[in-house]
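**Student:** Pasting target-v6.txt here (compact mmCIF, C-alpha atoms and all ligand atoms):
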```
# COMPACT_ATOMS: atom_id res chain seq x y z
CA MET A 1272 -27.75 25.94 -28.25
CA SER A 1273 -24.84 28.29 -27.72
CA THR A 1274 -21.61 26.88 -26.35
CA LEU A 1275 -20.24 30.33 -25.73
CA VAL A 1276 -21.92 33.62 -24.94
CA ALA A 1277 -19.99 36.83 -24.31
CA ARG A 1278 -21.75 40.05 -23.42
CA ASN A 1279 -20.36 43.55 -23.52
CA VAL A 1280 -16.76 42.55 -22.88
CA TRP A 1281 -14.24 45.33 -22.30
CA ARG A 1282 -10.49 45.20 -21.80
CA PHE A 1283 -8.35 48.26 -21.35
CA TYR A 1284 -4.60 48.63 -21.61
CA GLY A 1285 -4.03 51.99 -19.97
CA ARG A 1286 -6.78 54.27 -21.23
CA ALA A 1287 -7.14 52.61 -24.60
CA PRO A 1288 -9.65 49.77 -24.96
CA ALA A 1289 -8.24 46.74 -26.77
CA VAL A 1290 -11.74 45.23 -26.67
CA SER A 1291 -14.77 47.53 -26.68
CA GLY A 1292 -18.13 46.15 -25.63
CA LEU A 1293 -17.77 42.92 -27.54
CA ASP A 1294 -20.74 40.56 -27.90
CA LEU A 1295 -20.28 37.07 -29.18
CA GLU A 1296 -22.37 33.94 -29.48
CA VAL A 1297 -21.08 30.66 -30.84
CA GLU A 1298 -23.31 27.70 -31.61
CA GLU A 1299 -22.47 24.26 -30.32
CA GLY A 1300 -20.67 22.08 -32.84
CA SER A 1301 -19.83 24.96 -35.15
CA VAL A 1302 -16.58 26.43 -36.39
CA TYR A 1303 -16.41 30.16 -35.80
CA GLY A 1304 -13.81 32.26 -37.61
CA PHE A 1305 -12.64 35.29 -35.70
CA ILE A 1306 -11.18 37.64 -38.25
CA GLY A 1307 -9.52 41.01 -37.97
CA PRO A 1308 -6.42 42.93 -38.94
CA ASN A 1309 -3.31 43.08 -36.76
CA GLY A 1310 -3.98 44.73 -33.43
CA ALA A 1311 -7.76 44.36 -33.75
CA GLY A 1312 -8.12 42.60 -30.40
CA LYS A 1313 -8.38 38.94 -31.40
CA SER A 1314 -5.74 37.59 -29.02
CA THR A 1315 -6.97 39.79 -26.19
CA THR A 1316 -10.51 38.47 -26.68
CA LEU A 1317 -9.41 34.85 -26.93
CA ARG A 1318 -7.33 35.14 -23.76
CA ILE A 1319 -10.41 36.42 -21.95
CA LEU A 1320 -12.59 33.62 -23.35
CA ALA A 1321 -9.94 31.14 -22.28
CA THR A 1322 -9.92 32.57 -18.71
CA VAL A 1323 -6.21 33.38 -18.80
CA ASP A 1324 -7.09 37.07 -18.70
CA ARG A 1325 -9.99 38.85 -17.02
CA PRO A 1326 -12.20 41.38 -18.71
CA ASP A 1327 -12.43 44.82 -17.13
CA ALA A 1328 -16.15 44.51 -17.64
CA GLY A 1329 -18.66 42.19 -19.22
CA ARG A 1330 -19.30 38.51 -18.83
CA VAL A 1331 -18.57 35.28 -20.61
CA TRP A 1332 -20.48 32.01 -20.22
CA ILE A 1333 -19.28 28.70 -21.56
CA ARG A 1334 -21.96 26.03 -21.69
CA GLY A 1335 -23.95 28.21 -19.34
CA ARG A 1336 -21.19 28.61 -16.76
CA CYS A 1337 -19.73 31.99 -15.95
CA THR A 1338 -16.00 32.07 -16.68
CA GLN A 1339 -15.30 34.30 -13.71
CA GLN A 1340 -17.40 32.56 -11.10
CA GLU A 1341 -16.79 28.98 -12.16
CA THR A 1342 -13.34 29.29 -13.64
CA ASP A 1343 -12.12 25.78 -12.75
CA ARG A 1344 -15.17 24.06 -14.21
CA VAL A 1345 -14.97 26.20 -17.33
CA ARG A 1346 -11.29 25.40 -17.83
CA LYS A 1347 -12.05 21.69 -17.93
CA MET A 1348 -14.34 22.34 -20.88
CA LEU A 1349 -11.92 24.28 -23.03
CA GLY A 1350 -8.66 23.93 -24.86
CA PHE A 1351 -6.66 27.04 -25.65
CA MET A 1352 -3.93 27.38 -28.24
CA PRO A 1353 -2.39 30.80 -27.70
CA ASP A 1354 -0.25 32.84 -30.03
CA PRO A 1355 2.65 32.85 -29.44
CA PHE A 1356 3.36 29.86 -27.26
CA GLY A 1357 6.59 28.78 -25.60
CA MET A 1358 7.38 25.08 -25.36
CA PRO A 1359 9.25 23.52 -22.47
CA ASP A 1360 12.67 22.23 -23.57
CA GLY A 1361 13.84 18.67 -23.88
CA PHE A 1362 10.57 16.78 -24.40
CA THR A 1363 9.67 14.56 -27.28
CA VAL A 1364 6.22 15.12 -28.78
CA GLU A 1365 4.79 12.19 -26.85
CA GLN A 1366 6.44 13.22 -23.61
CA LEU A 1367 5.16 16.76 -23.96
CA LEU A 1368 1.60 15.55 -24.46
CA GLU A 1369 1.99 13.17 -21.52
CA PHE A 1370 3.25 16.11 -19.47
CA PHE A 1371 0.10 18.08 -20.23
CA ALA A 1372 -2.08 15.04 -19.55
CA ILE A 1373 -0.52 14.92 -16.07
CA ALA A 1374 -0.95 18.68 -15.68
CA TYR A 1375 -4.66 18.20 -16.40
CA ARG A 1376 -4.66 15.52 -13.70
CA LEU A 1377 -6.03 12.89 -15.99
CA PRO A 1378 -6.10 9.46 -14.36
CA ARG A 1379 -3.14 7.32 -15.43
CA ARG A 1380 -5.31 4.77 -17.22
CA ILE A 1381 -6.74 7.29 -19.66
CA ARG A 1382 -3.60 9.38 -20.16
CA ARG A 1383 -2.04 7.10 -22.72
CA GLU A 1384 -5.26 6.79 -24.64
CA ARG A 1385 -5.76 10.57 -24.74
CA VAL A 1386 -2.20 11.18 -25.91
CA GLN A 1387 -2.56 8.63 -28.69
CA ARG A 1388 -5.94 10.03 -29.70
CA ALA A 1389 -4.54 13.58 -29.90
CA ILE A 1390 -1.60 12.34 -31.97
CA GLU A 1391 -3.97 10.52 -34.27
CA LEU A 1392 -6.38 13.43 -34.71
CA THR A 1393 -3.63 15.90 -35.51
CA ARG A 1394 -1.70 13.36 -37.62
CA ILE A 1395 1.65 13.82 -35.94
CA GLY A 1396 2.41 10.15 -35.40
CA GLU A 1397 5.49 10.19 -37.63
CA ARG A 1398 7.10 12.82 -35.37
CA SER A 1399 5.95 11.56 -31.99
CA LYS A 1400 9.43 10.37 -30.92
CA GLN A 1401 11.21 13.56 -31.96
CA LYS A 1402 12.19 16.43 -29.70
CA VAL A 1403 9.60 19.20 -29.97
CA THR A 1404 12.25 21.92 -30.08
CA ASP A 1405 13.80 20.30 -33.17
CA LEU A 1406 10.59 20.49 -35.17
CA SER A 1407 9.78 23.06 -37.82
CA LYS A 1408 7.23 25.75 -37.02
CA GLY A 1409 4.45 23.98 -38.91
CA TRP A 1410 4.97 20.76 -36.98
CA LYS A 1411 5.19 22.64 -33.69
CA GLN A 1412 1.80 24.19 -34.49
CA ARG A 1413 0.35 20.74 -34.93
CA VAL A 1414 1.86 19.57 -31.66
CA LEU A 1415 0.26 22.58 -29.99
CA LEU A 1416 -3.08 21.64 -31.44
CA ALA A 1417 -2.60 18.11 -30.11
CA LYS A 1418 -1.81 19.56 -26.69
CA THR A 1419 -5.02 21.57 -26.87
CA LEU A 1420 -6.98 18.34 -27.33
CA ILE A 1421 -5.51 16.47 -24.37
CA ASN A 1422 -8.32 17.24 -21.94
CA ASP A 1423 -10.93 16.36 -24.58
CA PRO A 1424 -12.44 19.86 -24.49
CA HIS A 1425 -15.87 20.83 -25.77
CA LEU A 1426 -14.62 24.18 -26.91
CA LEU A 1427 -11.36 24.88 -28.71
CA LEU A 1428 -9.94 28.40 -28.81
CA LEU A 1429 -7.23 28.56 -31.44
CA ASP A 1430 -5.32 31.80 -31.89
CA GLU A 1431 -3.82 32.01 -35.38
CA PRO A 1432 -3.26 28.26 -35.56
CA ALA A 1433 -2.51 28.27 -39.28
CA ALA A 1434 0.17 30.98 -39.09
CA GLY A 1435 3.41 29.69 -40.56
CA LEU A 1436 1.90 26.61 -42.19
CA ASP A 1437 2.72 25.81 -45.80
CA PRO A 1438 -0.19 25.29 -48.23
CA ALA A 1439 -0.23 21.51 -47.85
CA ALA A 1440 -0.17 21.81 -44.06
CA ARG A 1441 -3.02 24.32 -44.22
CA ILE A 1442 -5.17 21.89 -46.15
CA GLU A 1443 -4.41 19.23 -43.61
CA PHE A 1444 -5.16 21.65 -40.81
CA ARG A 1445 -8.60 22.31 -42.32
CA ASP A 1446 -9.23 18.57 -42.42
CA VAL A 1447 -8.31 18.30 -38.77
CA ILE A 1448 -10.74 21.10 -37.88
CA ARG A 1449 -13.48 19.40 -39.90
CA THR A 1450 -12.82 16.16 -38.07
CA LEU A 1451 -13.13 18.00 -34.78
CA ARG A 1452 -16.44 19.48 -35.85
CA ASP A 1453 -17.64 16.01 -36.80
CA LEU A 1454 -16.82 15.03 -33.22
CA ASN A 1455 -19.22 17.83 -32.17
CA LYS A 1456 -16.47 20.09 -30.85
CA THR A 1457 -17.04 23.81 -31.03
CA VAL A 1458 -14.06 25.63 -32.50
CA ILE A 1459 -13.21 29.31 -32.45
CA VAL A 1460 -10.28 30.05 -34.69
CA SER A 1461 -8.69 33.44 -35.31
CA SER A 1462 -6.81 34.75 -38.28
CA HIS A 1463 -6.08 38.01 -40.02
CA ILE A 1464 -6.29 36.18 -43.34
CA LEU A 1465 -9.86 35.61 -44.30
CA THR A 1466 -9.19 33.05 -46.99
CA GLU A 1467 -7.56 30.85 -44.39
CA LEU A 1468 -10.91 30.51 -42.68
CA ALA A 1469 -13.65 31.06 -45.25
CA ASP A 1470 -13.61 27.47 -46.51
CA PHE A 1471 -14.38 25.69 -43.32
CA CYS A 1472 -16.14 28.11 -40.98
CA ASP A 1473 -19.90 28.05 -40.39
CA SER A 1474 -19.91 31.48 -38.80
CA VAL A 1475 -17.57 34.43 -38.63
CA GLY A 1476 -17.02 37.54 -36.60
CA ILE A 1477 -15.11 40.48 -37.96
CA ILE A 1478 -13.36 42.59 -35.37
CA GLU A 1479 -11.66 45.90 -35.90
CA ARG A 1480 -10.18 48.20 -33.28
CA GLY A 1481 -11.74 46.13 -30.53
CA ARG A 1482 -15.26 46.29 -31.94
CA MET A 1483 -17.17 43.46 -33.44
CA LEU A 1484 -18.35 44.77 -36.79
CA VAL A 1485 -20.25 41.73 -38.00
CA SER A 1486 -20.96 38.37 -36.46
CA GLY A 1487 -23.13 35.45 -37.47
CA ARG A 1488 -23.63 32.62 -39.91
CA ILE A 1489 -21.75 33.25 -43.15
CA GLU A 1490 -24.81 32.80 -45.36
CA ASP A 1491 -26.91 35.16 -43.25
CA ILE A 1492 -24.21 37.82 -43.25
CA LEU A 1493 -23.71 37.59 -46.99
CA GLU A 1494 -27.42 37.98 -47.62
CA ARG A 1495 -27.57 41.11 -45.48
CA PHE A 1496 -24.83 42.70 -47.53
CA ASN A 1497 -26.74 42.32 -50.77
CA PRO A 1498 -24.12 40.21 -52.49
CA ARG A 1499 -23.55 40.75 -56.18
CA ASP A 1500 -22.73 38.40 -58.97
CA ARG A 1501 -20.17 39.16 -61.60
CA LEU A 1502 -20.70 37.56 -65.00
CA VAL A 1503 -17.59 37.14 -67.09
CA PHE A 1504 -18.35 36.79 -70.81
CA GLU A 1505 -15.82 35.67 -73.33
CA ILE A 1506 -16.69 37.16 -76.71
CA ALA A 1507 -15.31 35.98 -80.05
CA GLY A 1508 -14.52 39.16 -81.99
CA PRO A 1509 -15.11 42.79 -80.96
CA ALA A 1510 -17.00 43.38 -77.74
CA GLU A 1511 -18.30 46.95 -78.14
CA ILE A 1512 -21.82 45.96 -79.27
CA ALA A 1513 -22.12 43.48 -76.43
CA ALA A 1514 -20.96 46.08 -73.92
CA ARG A 1515 -23.52 48.61 -75.15
CA LEU A 1516 -26.35 46.07 -74.99
CA LEU A 1517 -25.41 44.99 -71.50
CA GLU A 1518 -25.06 48.53 -70.18
CA ARG A 1519 -28.71 49.16 -71.12
CA GLU A 1520 -29.95 46.35 -68.87
CA ALA A 1521 -31.56 47.60 -65.66
CA ASP A 1522 -29.74 45.25 -63.29
CA VAL A 1523 -26.27 45.88 -64.72
CA ARG A 1524 -24.17 48.18 -62.58
CA GLN A 1525 -20.99 48.20 -64.58
CA VAL A 1526 -19.34 46.62 -67.59
CA SER A 1527 -15.58 46.50 -67.96
CA HIS A 1528 -13.38 45.26 -70.76
CA GLU A 1529 -10.47 42.87 -70.44
CA ASN A 1530 -8.34 40.97 -72.91
CA GLY A 1531 -9.52 37.43 -73.56
CA PRO A 1532 -7.42 34.29 -73.19
CA THR A 1533 -6.60 34.33 -76.93
CA PRO A 1534 -5.89 37.29 -79.27
CA ASP A 1535 -9.23 36.85 -81.06
CA THR A 1536 -11.36 37.03 -77.90
CA LYS A 1537 -12.37 39.79 -75.51
CA ARG A 1538 -13.66 39.49 -72.01
CA LEU A 1539 -16.50 41.53 -70.56
CA VAL A 1540 -16.89 41.65 -66.82
CA VAL A 1541 -20.49 42.50 -65.95
CA GLU A 1542 -21.30 43.49 -62.40
CA LEU A 1543 -24.93 42.89 -61.50
CA ASP A 1544 -26.96 44.55 -58.80
CA GLY A 1545 -27.63 41.35 -56.93
CA ARG A 1546 -27.46 37.61 -57.39
CA SER A 1547 -28.33 36.18 -60.80
CA ASP A 1548 -30.29 33.00 -61.34
CA ALA A 1549 -29.91 30.59 -64.26
CA GLN A 1550 -32.84 32.16 -66.12
CA ARG A 1551 -31.41 35.63 -65.89
CA ARG A 1552 -28.08 34.44 -67.22
CA ALA A 1553 -29.77 32.54 -70.06
CA ALA A 1554 -31.79 35.67 -70.95
CA ILE A 1555 -28.61 37.75 -71.20
CA VAL A 1556 -26.92 35.14 -73.39
CA SER A 1557 -29.90 35.01 -75.75
CA LEU A 1558 -30.05 38.83 -75.90
CA LEU A 1559 -26.44 38.82 -77.06
CA ALA A 1560 -27.04 35.97 -79.51
CA ARG A 1561 -30.04 37.78 -81.07
CA ASN A 1562 -27.71 40.69 -81.75
CA ASP A 1563 -25.10 38.48 -83.42
CA VAL A 1564 -22.65 38.66 -80.55
CA GLN A 1565 -20.74 35.41 -80.38
CA VAL A 1566 -20.48 34.34 -76.77
CA SER A 1567 -17.71 31.76 -76.50
CA GLY A 1568 -17.75 31.46 -72.72
CA LEU A 1569 -19.51 32.56 -69.54
CA SER A 1570 -18.59 32.17 -65.92
CA THR A 1571 -20.27 33.47 -62.78
CA GLN A 1572 -18.30 34.89 -59.88
CA ARG A 1573 -20.32 35.07 -56.72
CA GLU A 1574 -19.44 37.71 -54.21
CA GLY A 1575 -18.26 35.90 -51.15
CA LEU A 1576 -16.91 36.40 -47.72
CA GLU A 1577 -13.67 37.87 -48.95
CA ASP A 1578 -15.50 40.66 -50.75
CA LEU A 1579 -17.56 41.22 -47.66
CA PHE A 1580 -14.42 41.55 -45.58
CA LEU A 1581 -13.05 44.11 -47.98
CA LYS A 1582 -16.25 46.06 -47.70
CA VAL A 1583 -16.20 45.91 -43.94
CA ALA A 1584 -12.57 46.32 -43.10
CA GLY A 1585 -11.62 47.94 -46.40
CA LYS A 1586 -7.97 47.25 -45.82
CA GLN A 1587 -6.64 45.60 -48.87
CA GLY A 1588 -7.24 47.75 -51.88
CA ALA A 1589 -10.99 48.25 -51.76
CA GLY A 1590 -11.96 51.74 -52.85
CA ARG A 1591 -13.14 53.87 -49.95
CA ASN A 1592 -16.42 54.54 -51.72
CA ASP A 1593 -17.20 50.87 -51.77
CA ARG A 1594 -16.77 50.53 -48.02
CA HIS A 1595 -19.65 50.26 -45.65
CA SER A 1596 -19.13 52.66 -42.80
CA GLU A 1597 -19.32 51.17 -39.34
CA ASP A 1598 -22.75 52.80 -38.96
CA GLU A 1599 -23.98 51.22 -42.16
CA ILE A 1600 -22.80 47.83 -41.04
CA ARG A 1601 -24.45 48.25 -37.70
CA SER A 1602 -27.76 49.30 -39.22
CA LEU A 1603 -27.63 46.34 -41.58
CA LEU A 1604 -27.35 44.20 -38.51
CA GLY A 1605 -30.16 45.89 -36.66
CA GLY A 1606 -27.52 47.99 -34.96
CA GLU A 1607 -29.88 50.62 -33.60
CA GLU A 1608 -31.34 48.19 -31.14
CA LEU A 1609 -27.85 47.05 -30.36
CA ASP A 1610 -26.76 50.60 -29.77
CA GLU A 1611 -29.70 51.31 -27.56
CA ALA A 1612 -29.12 48.21 -25.52
CA ARG A 1613 -25.49 49.14 -25.17
CA SER A 1614 -26.15 52.72 -24.16
CA GLN A 1615 -28.56 51.49 -21.52
CA ARG A 1616 -25.95 49.12 -20.32
CA GLY A 1617 -23.45 51.89 -20.56
CA ARG A 1618 -19.77 51.48 -20.07
CA PRO A 1619 -18.10 48.92 -17.84
CA LYS A 1620 -19.66 49.59 -14.42
CA ILE A 1621 -23.20 48.80 -15.43
CA ALA A 1622 -22.19 45.90 -17.63
CA LEU A 1623 -21.09 43.90 -14.62
CA ARG A 1624 -24.71 43.54 -13.59
CA GLU A 1625 -25.63 41.58 -16.66
CA LYS A 1626 -27.93 38.63 -16.34
CA ARG A 1627 -27.12 35.14 -17.31
CA PRO A 1628 -28.39 34.42 -20.86
N1 LIG B 1 -0.15 43.29 -22.80
C1 LIG B 1 -0.49 44.38 -23.49
N2 LIG B 1 -0.16 45.61 -23.05
C2 LIG B 1 -0.55 46.73 -23.72
N3 LIG B 1 -1.25 46.71 -24.86
C3 LIG B 1 -1.60 45.51 -25.35
C4 LIG B 1 -1.24 44.29 -24.69
N4 LIG B 1 -1.74 43.26 -25.42
C5 LIG B 1 -2.37 43.81 -26.49
N5 LIG B 1 -2.29 45.16 -26.44
C6 LIG B 1 -2.89 46.09 -27.41
O1 LIG B 1 -4.24 45.73 -27.59
C7 LIG B 1 -4.62 45.82 -28.94
C8 LIG B 1 -5.14 44.48 -29.42
O2 LIG B 1 -4.07 43.55 -29.46
P1 LIG B 1 -4.27 42.02 -29.81
O3 LIG B 1 -2.96 41.35 -29.60
O4 LIG B 1 -5.43 41.49 -29.07
O5 LIG B 1 -4.62 42.11 -31.36
P2 LIG B 1 -4.69 40.92 -32.44
O6 LIG B 1 -5.96 41.13 -33.17
O7 LIG B 1 -4.47 39.62 -31.79
O8 LIG B 1 -3.48 41.28 -33.41
P3 LIG B 1 -2.50 40.29 -34.24
O9 LIG B 1 -3.21 39.96 -35.52
O10 LIG B 1 -1.31 41.16 -34.50
O11 LIG B 1 -2.20 39.11 -33.42
C9 LIG B 1 -3.40 46.31 -29.70
O12 LIG B 1 -3.50 47.70 -29.86
C10 LIG B 1 -2.26 45.96 -28.78
O13 LIG B 1 -1.21 46.87 -28.94
MG MG B 2 -3.06 38.12 -32.05
```
Take the structure I supplied and represent it as structure tokens, if you would.
Ligand SMILES: Nc1ncnc2c1ncn2[C@@H]1O[C@H](COP(=O)(O)OP(=O)(O)OP(=O)(O)O)[C@@H](O)[C@H]1O
Ligand SMILES: [Mg+2]
**Tutor:**
Amino acid sequence: MSTLVARNVWRFYGRAPAVSGLDLEVEEGSVYGFIGPNGAGKSTTLRILATVDRPDAGRVWIRGRCTQQETDRVRKMLGFMPDPFGMPDGFTVEQLLEFFAIAYRLPRRIRRERVQRAIELTRIGERSKQKVTDLSKGWKQRVLLAKTLINDPHLLLLDEPAAGLDPAARIEFRDVIRTLRDLNKTVIVSSHILTELADFCDSVGIIERGRMLVSGRIEDILERFNPRDRLVFEIAGPAEIAARLLEREADVRQVSHENGPTPDTKRLVVELDGRSDAQRRAAIVSLLARNDVQVSGLSTQREGLEDLFLKVAGKQGAGRNDRHSEDEIRSLLGGEELDEARSQRGRPKIALREKRP
């Protein structure tokens, strides 16, 4: 079941769309990573999902309820952590959380319990008596996350929650998100840094210039992009013979040479056309052994989400030739049907007539 469904969402600032016909579906109890470079439209989208902004067109349903027609009911089901967020002055952590518990009109008898639970879940107990404004950025982020939990929401919308956290705090943050998933919360978390999310998300969406380029379960997306394995051989002695042998293999795309970890070793990085299984790797090792190549080590690097992101967004150093064009990505995703559906729906006016999913 989907906790959140968004269909053909548009948001314009002046004439320029910050969000262009965005579709999104997030499964209940999953963690969804919303990834895109600066200015891609993540915050704009999350504000719309959180009902603090209205789309110019399109619809959003949370647990089957339309965010525009049943805004108050929807708000009770969600917790939003915006970026950036101002904190009221003068409160301690506990007081601030209490303040939000009152703002949510929680009955007095459960307020205390909710505040303590939020403190526990986000592990901020040691700072609960301190003034929020005196805390470091990382601790403030955690307090914000605690605040987001006060109304015990089904759906959490977290905009760049890990920004400004040190590595240890990031690891702890991941644990917190995992705990929330174990509690069957649905979490949408944005970031422009893929590696921040890849470890703990079940699904991802990649947004660029307001358009959703790819969205779905990580494993499904990776499979569609024909992921490749890279085999890294460590060879004792010269590597030329090994390189020549490997280049002749049908599934080898490219072989490159690197220095090995010690002066008497070389490294060969072999890029395959797809995934390799254990038998394929064993066959390559025995081919080399039969030809007196001394393999002193082998490791397999599997192409993952990060590589996919580079292919899709192509921002950080990926060669242009290795990029999938937006059209390619869309066709990989069955984009023609998507395109057709969208052109029938047309731009904003028509989209408003969309049916409930
Ligand atoms: N209030 C606003 N007025 C005008 N333009 C806006 C406003 N808010 C956002 N935009 C524009 O909309 C686009 C999307 O911005 P948005 O903040 O949603 O991106 P983002 O993906 O969250 O980026 P970042 O990673 O920097 O947070 C940008 O081009 C931005 O300049
Ligand atoms: Mg943003």
**Student:** Using all atoms listed in the file, which residues of the polymer chains come no farther than 12 Å from ligand MG 2 (chain B)? I'd like the answer as a PyMOL selection string.
**Tutor:** chain A and resi 1289+1305-1318+1352-1356+1429-1432+1434+1460-1464+1478+1481
**Student:** What is the atom CA of A:Tyr1284 to atom C2 of ligand LIG 1 (chain B) distance in Å?
**Tutor:**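 That distance, rounded to one decimal, is 4.9 Å.
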**Student:** A:Ala1287, A:Val1526, A:Leu1367, A:Met1483: which is nearest A:Val1386, counting only C-alpha atoms?
**Tutor:**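 Smallest separation from A:Val1386 among the options: A:Leu1367.
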**Student:** Residues within 8 Å of A:Gln1339, please, as a PyMOL selection string. Count all atoms listed in the file; anything in the same chain fewer than 5 positions from it doesn't count.
**Tutor:** chain A and resi 1322+1325+1330-1331
**Student:** Could you check the closest approach to ligand LIG 1 (chain B) for each of A:Ala1374, A:Ala1439, A:Leu1415, A:Ile1477 and tell me which residue wins, using all atoms listed in the file?
**Tutor:** A:Ile1477
**Student:** Which one is closest to ligand LIG 1 (chain B): A:Gly1575, A:Gly1350, A:Gly1300, A:Arg1480? Count all atoms listed in the file.
**Tutor:**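 Selected residue with least distance to ligand LIG 1 (chain B): A:Arg1480.
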**Student:** Near A:Asp1563, within 10 Å and counting only C-alpha atoms, which residues show up once chain neighbours fewer than 6 positions away are dropped, as a list in words?
**Tutor:**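 Here the answer would be Ile1512, Ala1513 and Ser1557 of chain A.
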**Student:** Using all atoms listed in the file, which residues sit within 10 Å of stretch 1530-1540 of chain A once same-chain residues fewer than 3 positions away are excluded, as a PDB file with C-alpha atoms, in the frame of the given file?
**Tutor:**
```
ATOM      1  CA  ARG A1501     -20.170  39.160 -61.600  1.00  0.00           C
ATOM      2  CA  LEU A1502     -20.700  37.560 -65.000  1.00  0.00           C
ATOM      3  CA  VAL A1503     -17.590  37.140 -67.090  1.00  0.00           C
ATOM      4  CA  PHE A1504     -18.350  36.790 -70.810  1.00  0.00           C
ATOM      5  CA  GLU A1505     -15.820  35.670 -73.330  1.00  0.00           C
ATOM      6  CA  ILE A1506     -16.690  37.160 -76.710  1.00  0.00           C
ATOM      7  CA  ALA A1507     -15.310  35.980 -80.050  1.00  0.00           C
ATOM      8  CA  GLY A1508     -14.520  39.160 -81.990  1.00  0.00           C
ATOM      9  CA  PRO A1509     -15.110  42.790 -80.960  1.00  0.00           C
ATOM     10  CA  ALA A1510     -17.000  43.380 -77.740  1.00  0.00           C
ATOM     11  CA  GLU A1511     -18.300  46.950 -78.140  1.00  0.00           C
ATOM     12  CA  ALA A1513     -22.120  43.480 -76.430  1.00  0.00           C
ATOM     13  CA  ALA A1514     -20.960  46.080 -73.920  1.00  0.00           C
ATOM     14  CA  LEU A1517     -25.410  44.990 -71.500  1.00  0.00           C
ATOM     15  CA  GLN A1525     -20.990  48.200 -64.580  1.00  0.00           C
ATOM     16  CA  VAL A1526     -19.340  46.620 -67.590  1.00  0.00           C
ATOM     17  CA  SER A1527     -15.580  46.500 -67.960  1.00  0.00           C
ATOM     18  CA  LEU A1543     -24.930  42.890 -61.500  1.00  0.00           C
ATOM     19  CA  GLN A1565     -20.740  35.410 -80.380  1.00  0.00           C
ATOM     20  CA  VAL A1566     -20.480  34.340 -76.770  1.00  0.00           C
ATOM     21  CA  SER A1567     -17.710  31.760 -76.500  1.00  0.00           C
ATOM     22  CA  GLY A1568     -17.750  31.460 -72.720  1.00  0.00           C
ATOM     23  CA  LEU A1569     -19.510  32.560 -69.540  1.00  0.00           C
ATOM     24  CA  SER A1570     -18.590  32.170 -65.920  1.00  0.00           C
ATOM     25  CA  THR A1571     -20.270  33.470 -62.780  1.00  0.00           C
ATOM     26  CA  GLN A1572     -18.300  34.890 -59.880  1.00  0.00           C
TER      27      GLN A1572
END
```
**Student:** Counting only C-alpha atoms and all ligand atoms, figure out which residue out of A:Lys1402, A:Arg1482, A:Lys1456, A:Arg1394 gets nearest to ligand LIG 1 (chain B).
**Tutor:** A:Arg1482
**Student:** Just the number, please: distance in Å from atom CA of A:Val1414 to atom CA of A:Leu1377, one decimal.
**Tutor:** 18.8 Å
**Student:** For ligand LIG 1 (chain B), I'd like the enclosing box, axis-aligned and padded by 4 Å on every side, reported as lines of an AutoDock Vina configuration file with centre and edge lengths in Å to one decimal.
**Tutor:**
```
center_x = -3.1
center_y = 43.4
center_z = -29.2
size_x = 13.8
size_y = 16.6
size_z = 20.7
```
**Student:** Compare A:Thr1393, A:Asn1422, A:Gln1387, A:Ser1291 by their minimum atom-to-atom distance to ligand LIG 1 (chain B), counting all atoms listed in the file, and give me the closest one.
**Tutor:**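 For ligand LIG 1 (chain B), the nearest of the given residues is A:Ser1291.
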